[in-house]
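File shown here: coords-v4.cif, holding mmCIF, C-alpha atoms.
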```cif
data_run
loop_
_atom_site.label_atom_id
_atom_site.label_comp_id
_atom_site.auth_asym_id
_atom_site.auth_seq_id
_atom_site.Cartn_x
_atom_site.Cartn_y
_atom_site.Cartn_z
CA MET A 1 -115.99 68.73 90.43
CA ASN A 2 -116.58 65.32 88.86
CA ASN A 3 -113.71 63.52 87.15
CA ILE A 4 -114.20 63.01 83.43
CA ILE A 5 -113.72 59.48 82.07
CA TYR A 6 -112.36 59.28 78.53
CA LEU A 7 -113.18 56.25 76.45
CA SER A 8 -113.90 55.13 72.92
CA VAL A 9 -116.21 52.45 71.54
CA ASP A 10 -116.25 50.90 68.07
CA SER A 11 -119.34 48.69 67.90
CA GLY A 12 -118.55 46.74 64.79
CA LYS A 13 -120.81 44.20 63.16
CA SER A 14 -118.68 41.33 64.39
CA HIS A 15 -117.15 42.64 67.65
CA THR A 16 -117.49 45.67 69.87
CA LYS A 17 -114.12 47.18 70.76
CA MET A 18 -113.49 49.64 73.55
CA ALA A 19 -110.38 51.63 74.43
CA TRP A 20 -109.49 53.68 77.50
CA TYR A 21 -106.47 55.03 79.33
CA GLU A 22 -104.99 52.99 82.14
CA GLY A 23 -106.09 54.65 85.36
CA ASN A 24 -107.90 57.24 83.19
CA ASP A 25 -104.52 58.98 82.85
CA ARG A 26 -104.29 60.42 79.33
CA GLU A 27 -100.52 60.13 79.44
CA ALA A 28 -100.69 56.44 80.31
CA LYS A 29 -100.97 53.32 78.17
CA ILE A 30 -104.14 52.76 76.14
CA LYS A 31 -105.98 49.62 77.21
CA SER A 32 -108.45 47.75 75.00
CA ARG A 33 -110.89 44.85 75.04
CA ALA A 34 -113.50 43.36 72.71
CA PHE A 35 -116.58 41.20 72.84
CA PRO A 36 -118.96 39.84 70.14
CA THR A 37 -121.58 42.33 68.97
CA MET A 38 -124.50 40.17 69.99
CA ILE A 39 -127.37 40.56 72.44
CA GLU A 40 -130.07 38.15 73.50
CA GLU A 41 -132.85 38.91 75.91
CA VAL A 42 -133.08 36.30 78.66
CA SER A 43 -136.06 35.54 80.86
CA GLN A 44 -134.15 35.43 84.13
CA PRO A 45 -130.57 36.06 85.32
CA ASN A 46 -129.59 32.40 85.65
CA SER A 47 -130.72 31.48 82.14
CA PHE A 48 -127.72 32.88 80.28
CA LEU A 49 -125.20 30.14 79.63
CA THR A 50 -122.94 30.98 76.67
CA GLY A 51 -120.19 33.00 78.33
CA GLY A 52 -121.38 36.56 77.68
CA THR A 53 -122.00 39.42 80.09
CA LEU A 54 -125.26 39.57 82.02
CA VAL A 55 -126.74 43.07 81.67
CA GLU A 56 -129.88 44.42 83.29
CA TYR A 57 -131.15 47.49 81.45
CA GLN A 58 -134.53 49.22 81.67
CA GLY A 59 -136.08 46.32 83.55
CA LYS A 60 -134.93 43.60 81.15
CA PHE A 61 -132.09 41.08 81.28
CA TYR A 62 -129.75 40.50 78.35
CA GLU A 63 -126.75 38.38 77.59
CA VAL A 64 -124.35 40.67 75.75
CA GLY A 65 -121.42 39.27 73.78
CA GLY A 66 -122.31 35.61 74.09
CA ALA A 67 -120.59 32.76 72.30
CA SER A 68 -123.33 32.01 69.78
CA GLU A 69 -122.41 31.57 66.12
CA PRO A 70 -122.25 35.03 64.44
CA SER A 71 -125.24 35.97 62.28
CA LEU A 72 -124.86 37.47 58.83
CA GLU A 73 -127.18 40.49 58.82
CA PHE A 74 -126.18 43.57 56.89
CA ASP A 75 -127.86 46.56 58.52
CA ASN A 76 -125.29 49.31 57.97
CA THR A 77 -126.36 51.85 60.59
CA LYS A 78 -125.40 51.78 64.28
CA LEU A 79 -128.45 53.51 65.70
CA GLY A 80 -130.42 50.40 66.65
CA GLU A 81 -130.91 48.57 69.93
CA LEU A 82 -128.05 46.12 69.27
CA HIS A 83 -125.36 48.77 69.03
CA GLU A 84 -126.88 50.94 71.75
CA LEU A 85 -126.77 48.14 74.29
CA CYS A 86 -123.30 47.02 73.21
CA ILE A 87 -121.99 50.60 73.55
CA PHE A 88 -123.53 50.98 77.01
CA THR A 89 -122.20 47.57 78.05
CA ALA A 90 -118.73 48.51 76.82
CA ILE A 91 -118.83 51.71 78.90
CA GLY A 92 -119.99 49.76 81.94
CA LYS A 93 -117.23 47.18 81.55
CA VAL A 94 -114.60 49.94 81.31
CA LEU A 95 -115.91 51.68 84.42
CA LEU A 96 -115.72 48.41 86.32
CA LYS A 97 -112.15 47.83 85.10
CA LEU A 98 -111.25 51.32 86.35
CA LYS A 99 -112.60 50.24 89.77
CA LEU A 100 -114.65 53.37 90.23
CA PRO A 101 -117.16 53.58 93.08
CA HIS A 102 -120.37 51.80 92.06
CA HIS A 103 -122.64 54.23 93.91
CA GLN A 104 -121.34 57.30 92.03
CA THR A 105 -122.54 58.56 88.66
CA GLN A 106 -119.56 58.91 86.35
CA TYR A 107 -119.25 61.55 83.63
CA ILE A 108 -118.08 60.25 80.26
CA GLN A 109 -116.53 61.80 77.21
CA LEU A 110 -117.24 59.22 74.54
CA ALA A 111 -115.80 58.72 71.07
CA ILE A 112 -117.94 56.59 68.74
CA ASN A 113 -116.89 55.13 65.41
CA VAL A 114 -119.66 55.46 62.79
CA PRO A 115 -120.07 54.45 59.13
CA LEU A 116 -118.93 57.17 56.74
CA HIS A 117 -122.40 57.53 55.17
CA ASP A 118 -123.92 58.13 58.60
CA TYR A 119 -121.12 60.54 59.50
CA ILE A 120 -121.86 62.61 56.40
CA THR A 121 -125.65 62.49 56.51
CA ILE A 122 -127.02 61.86 60.02
CA GLN A 123 -124.49 63.01 62.61
CA LYS A 124 -127.29 64.75 64.51
CA ASP A 125 -129.10 61.44 65.00
CA TYR A 126 -126.09 59.99 66.81
CA LEU A 127 -125.58 63.11 68.89
CA ASN A 128 -129.27 63.23 69.83
CA LYS A 129 -129.20 59.56 70.78
CA TYR A 130 -126.11 59.58 72.99
CA LYS A 131 -125.22 63.11 74.12
CA SER A 132 -126.40 63.96 77.66
CA ARG A 133 -127.81 60.46 78.20
CA HIS A 134 -127.95 59.36 81.83
CA VAL A 135 -127.67 55.58 81.76
CA LYS A 136 -128.19 53.15 84.61
CA LEU A 137 -127.58 49.43 84.20
CA ARG A 138 -126.23 46.42 86.01
CA VAL A 139 -123.24 44.66 84.47
CA ASP A 140 -122.58 41.20 85.90
CA ASN A 141 -124.67 42.17 88.94
CA LYS A 142 -122.75 45.40 89.56
CA GLN A 143 -124.56 48.73 89.42
CA VAL A 144 -123.21 51.24 86.89
CA SER A 145 -124.40 54.80 86.38
CA PHE A 146 -122.98 57.34 83.94
CA VAL A 147 -123.77 60.51 82.02
CA ILE A 148 -122.38 60.94 78.50
CA SER A 149 -121.43 64.58 78.76
CA LYS A 150 -119.70 64.86 75.39
CA VAL A 151 -119.72 62.79 72.19
CA TYR A 152 -117.04 62.71 69.49
CA LEU A 153 -118.07 61.10 66.21
CA ASN A 154 -115.38 59.58 64.01
CA PRO A 155 -115.88 58.24 60.48
CA GLU A 156 -114.55 54.76 59.89
CA GLY A 157 -110.94 54.80 58.78
CA VAL A 158 -109.74 57.93 60.56
CA GLY A 159 -108.47 55.94 63.54
CA VAL A 160 -106.57 53.67 61.16
CA ILE A 161 -104.59 56.62 59.77
CA VAL A 162 -103.94 58.04 63.25
CA ARG A 163 -102.55 54.71 64.44
CA ASN A 164 -100.48 53.75 61.40
CA THR A 165 -98.92 56.90 59.96
CA THR A 166 -96.65 59.62 61.27
CA SER A 167 -98.14 62.38 59.13
CA ILE A 168 -101.70 63.39 58.27
CA SER A 169 -100.61 64.77 54.87
CA GLY A 170 -100.71 62.70 51.70
CA SER A 171 -103.12 60.21 50.15
CA PHE A 172 -104.10 57.07 52.03
CA TYR A 173 -106.57 54.44 50.91
CA VAL A 174 -107.92 52.61 53.92
CA ILE A 175 -109.34 49.11 53.49
CA ASP A 176 -110.98 48.06 56.73
CA ILE A 177 -111.94 44.39 56.48
CA GLY A 178 -114.34 43.63 59.28
CA GLY A 179 -116.48 40.64 60.10
CA LYS A 180 -119.39 41.55 57.86
CA ASN A 181 -118.16 44.29 55.51
CA ASP A 182 -115.09 45.64 53.79
CA THR A 183 -114.99 49.43 53.93
CA HIS A 184 -112.96 51.38 51.35
CA LEU A 185 -112.06 55.01 52.08
CA LEU A 186 -109.71 57.38 50.28
CA PHE A 187 -108.29 60.17 52.44
CA GLU A 188 -106.29 63.17 51.31
CA ASN A 189 -104.65 65.21 54.04
CA PHE A 190 -106.76 63.39 56.61
CA ARG A 191 -110.09 64.21 54.95
CA PRO A 192 -112.29 61.66 53.14
CA VAL A 193 -112.49 62.29 49.40
CA LYS A 194 -116.03 62.73 48.11
CA GLY A 195 -117.15 59.87 45.89
CA LYS A 196 -114.11 57.76 46.74
CA ASN A 197 -115.58 55.50 49.39
CA SER A 198 -117.69 52.38 49.46
CA MET A 199 -118.79 49.48 51.62
CA THR A 200 -119.39 45.99 50.29
CA ASN A 201 -120.31 42.66 51.84
CA ASN A 202 -116.87 41.07 51.60
CA GLY A 203 -116.26 40.84 55.33
CA VAL A 204 -114.51 37.71 56.52
CA LEU A 205 -117.51 36.07 58.20
CA ARG A 206 -118.92 35.16 54.78
CA LEU A 207 -115.51 33.89 53.72
CA LEU A 208 -115.16 31.77 56.83
CA GLN A 209 -118.70 30.49 56.40
CA ARG A 210 -117.90 29.31 52.86
CA ILE A 211 -114.77 27.55 54.03
CA ALA A 212 -116.61 25.94 56.92
CA SER A 213 -119.37 24.72 54.58
CA GLU A 214 -116.90 23.09 52.18
CA LEU A 215 -114.88 21.47 54.94
CA SER A 216 -118.00 20.24 56.71
CA SER A 217 -118.49 17.59 54.04
CA GLN A 218 -115.83 15.67 55.95
CA TYR A 219 -115.69 17.47 59.32
CA ASP A 220 -118.14 19.41 61.47
CA PHE A 221 -116.78 22.97 61.26
CA THR A 222 -118.10 26.30 62.53
CA ILE A 223 -117.00 29.78 61.51
CA LYS A 224 -115.12 30.08 64.81
CA ASP A 225 -113.30 26.78 64.15
CA VAL A 226 -112.08 28.01 60.77
CA GLU A 227 -110.90 31.32 62.23
CA ASP A 228 -109.03 29.60 65.06
CA ILE A 229 -107.33 27.17 62.68
CA ALA A 230 -106.32 29.97 60.28
CA LEU A 231 -104.79 31.89 63.22
CA ASP A 232 -102.91 28.76 64.36
CA LYS A 233 -104.97 28.43 67.53
CA LYS A 234 -105.97 24.91 66.49
CA VAL A 235 -104.22 22.19 64.53
CA LYS A 236 -104.80 22.29 60.75
CA PRO A 237 -106.67 19.22 59.55
CA PRO A 238 -106.01 17.65 56.11
CA LEU A 239 -107.15 19.77 53.14
CA PHE A 240 -107.64 22.86 55.29
CA GLU A 241 -104.86 24.91 53.74
CA GLU A 242 -105.90 24.03 50.21
CA VAL A 243 -109.54 24.98 50.81
CA PHE A 244 -108.65 28.12 52.77
CA ASP A 245 -106.20 29.39 50.13
CA LYS A 246 -108.70 28.82 47.32
CA HIS A 247 -111.40 30.92 48.95
CA ALA A 248 -109.01 33.48 50.46
CA ASN A 249 -107.44 34.17 47.05
CA GLU A 250 -110.91 34.77 45.60
CA TRP A 251 -111.78 37.08 48.52
CA ALA A 252 -108.60 39.14 48.14
CA MET A 253 -109.36 39.58 44.44
CA ARG A 254 -112.88 40.77 45.27
CA ILE A 255 -111.41 43.41 47.57
CA LYS A 256 -108.90 44.47 44.92
CA ASN A 257 -111.65 44.75 42.29
CA GLN A 258 -113.53 47.10 44.57
CA ALA A 259 -110.43 49.26 45.04
CA GLN A 260 -109.80 49.37 41.30
CA LYS A 261 -113.10 51.19 40.79
CA PHE A 262 -111.43 54.30 42.20
CA SER A 263 -108.45 54.26 39.77
CA LEU A 264 -105.81 54.48 42.48
CA ASN A 265 -102.32 55.49 41.40
CA PRO A 266 -99.69 53.36 43.22
CA HIS A 267 -97.15 56.18 42.84
CA PHE A 268 -99.20 58.57 44.96
CA VAL A 269 -101.48 56.49 47.17
CA LYS A 270 -100.50 54.30 50.09
CA ILE A 271 -102.87 51.54 51.11
CA ILE A 272 -103.50 50.79 54.78
CA ILE A 273 -105.06 47.41 55.52
CA SER A 274 -106.94 47.21 58.80
CA GLY A 275 -109.62 45.18 60.53
CA GLY A 276 -109.52 41.58 61.65
CA GLY A 277 -109.85 40.42 58.05
CA GLY A 278 -106.58 42.11 57.19
CA ILE A 279 -104.83 39.70 59.55
CA LEU A 280 -106.46 36.62 58.05
CA LEU A 281 -105.87 37.69 54.42
CA LYS A 282 -102.41 39.26 54.74
CA LYS A 283 -100.64 36.80 52.43
CA GLN A 284 -103.28 37.05 49.70
CA LEU A 285 -103.57 40.86 49.89
CA GLU A 286 -99.80 41.27 49.56
CA VAL A 287 -100.05 39.45 46.23
CA VAL A 288 -103.03 41.27 44.71
CA PHE A 289 -101.76 44.71 45.81
CA LYS A 290 -98.09 44.05 44.99
CA ASP A 291 -97.80 47.32 43.00
CA PHE A 292 -98.73 49.46 46.02
CA ASP A 293 -96.94 50.59 49.15
CA LEU A 294 -98.90 48.54 51.69
CA ILE A 295 -99.16 49.19 55.41
CA PHE A 296 -100.68 46.40 57.51
CA ALA A 297 -102.01 47.68 60.80
CA SER A 298 -100.15 46.01 63.65
CA ASP A 299 -103.15 46.43 65.97
CA ALA A 300 -105.81 46.02 63.31
CA ARG A 301 -108.79 45.08 65.46
CA PHE A 302 -108.46 48.15 67.69
CA ASP A 303 -107.30 50.82 65.23
CA ASN A 304 -110.58 52.70 65.07
CA ALA A 305 -111.21 52.55 68.82
CA LYS A 306 -107.70 53.55 69.87
CA GLY A 307 -107.29 56.14 67.13
CA ALA A 308 -110.59 57.78 68.07
CA LEU A 309 -109.51 57.93 71.71
CA MET A 310 -106.24 59.61 70.72
CA ARG A 311 -108.12 62.28 68.74
CA MET A 312 -110.33 63.38 71.64
CA GLN A 313 -109.81 66.96 72.73
CA ASP A 314 -111.25 68.78 75.74
#
```

Would you mind writing the file out in structure tokens?
Amino acid sequence: MNNIIYLSVDSGKSHTKMAWYEGNDREAKIKSRAFPTMIEEVSQPNSFLTGGTLVEYQGKFYEVGGASEPSLEFDNTKLGELHELCIFTAIGKVLLKLKLPHHQTQYIQLAINVPLHDYITIQKDYLNKYKSRHVKLRVDNKQVSFVISKVYLNPEGVGVIVRNTTSISGSFYVIDIGGKNDTHLLFENFRPVKGKNSMTNNGVLRLLQRIASELSSQYDFTIKDVEDIALDKKVKPPLFEEVFDKHANEWAMRIKNQAQKFSLNPHFVKIIISGGGGILLKKQLEVVFKDFDLIFASDARFDNAKGALMRMQD
């Protein structure tokens, strides 16, 4: 009988995150990695140069997860070629990390994180696309073959609650601030509340782009530069903090204004802040949501991926 590999993939608009169990032992530590959600077809294997993963799939070569500047497109579904190839690449990378025999076809149980609207309206499209797929590809010149024998779909936000609370009862308002969107979801007893969810374009890539544009009047900044400086990975130049705080305060207020549309009662609702944007905007969000009991995810980037993996059942 074939061993079943358990893994989870959250192909976000900014980064694709994957989670799996060390040694595929479901009692062991959860491992995780991420790469930029970007693909670029290349004409030949030696023409990819930006640090991504070389993938050969269906007779074509791609660089997946390269170091190009992120683009700001706002397609909200995850059924297109971009997410498909990133999900398959993530699976391939996990199988290689597990050091499984290259010549064998592996059988996968896969958890996928999907937008709430898609989860409510087009679950079948995701299941039809991924369930029972037999995929063959080469990842960094290593052959990978797998069958997706079972698919678990998870609406955005569920993994955040799993990872950051000890009980599934009560009311939790999840704000997941990703690279390109901020997703707002109200859950009661672990179920999304109808009409109490939204997605807007207040992800942090637009924020970082604005900051980079203003600073570039004196310096040559990219979005990645601004992010690295804000996370103390690079030295702060003059005026950086002033410019960052100005735009970050505005961004936090935008996110609060979106939450206010749902008339949340701070006496009954706890707010969980997740996503990479929650890390960058922590100081500002603490101010604008000072009346609420706030929980900041300690592992914000991987909440959805790890939480979805934890929810998988045979």

Return as a PyMOL selection string the set of residues that the PyMOL selection byres ((chain A and resi 6) around 7) yields on the displayed structure.
-> chain A and resi 4-5+7+20+24+108-110

Go ahead and find all residues with at least one atom no further than 9 Å from (-103.5, 58.3, 64.7) in the file's coordinates, using only C-alpha atoms; report them as a list in words.
-> Val158, Gly159, Val160, Ile161, Val162, Arg163, Asn164, Thr165, Thr166, Ser167, Ile168, Asp303, Lys306, Gly307, Ala308, Met310 and Arg311 of chain A

Shell around Arg33 of chain A at 10 Å using only C-alpha atoms, local window under 4 positions removed, as a list in words = Val9, His15, Thr16, Lys17, Met18, Ala19, Trp20, Ala90, Lys93, Val94, Arg301, Phe302 and Ala305 of chain A

Top pick for closest residue to His83 of chain A, considering A:Glu227, A:Asp10, A:Asp125, A:Asp176 and counting all atoms listed in the file =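 Under the stated criterion, the closest residue is A:Asp10.
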
Could you please give me, as a list in words, the residues of protein, DNA or RNA lying at most 8 Å from (-117.7, 63.3, 69.2) in the coordinate frame of the file, considering all atoms listed in the file?
->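 Collected hits near the coordinates: Leu110, Ala111, Ile112, Leu127, Lys150, Val151, Tyr152, Leu153, Asn154 and Met312 of chain A.
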
Measuring atom to atom with all atoms listed in the file, identify which of A:Tyr130, A:Tyr219, A:Tyr173, A:Tyr107 is nearest to Asp293 of chain A.
->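 Closest candidate: A:Tyr173.
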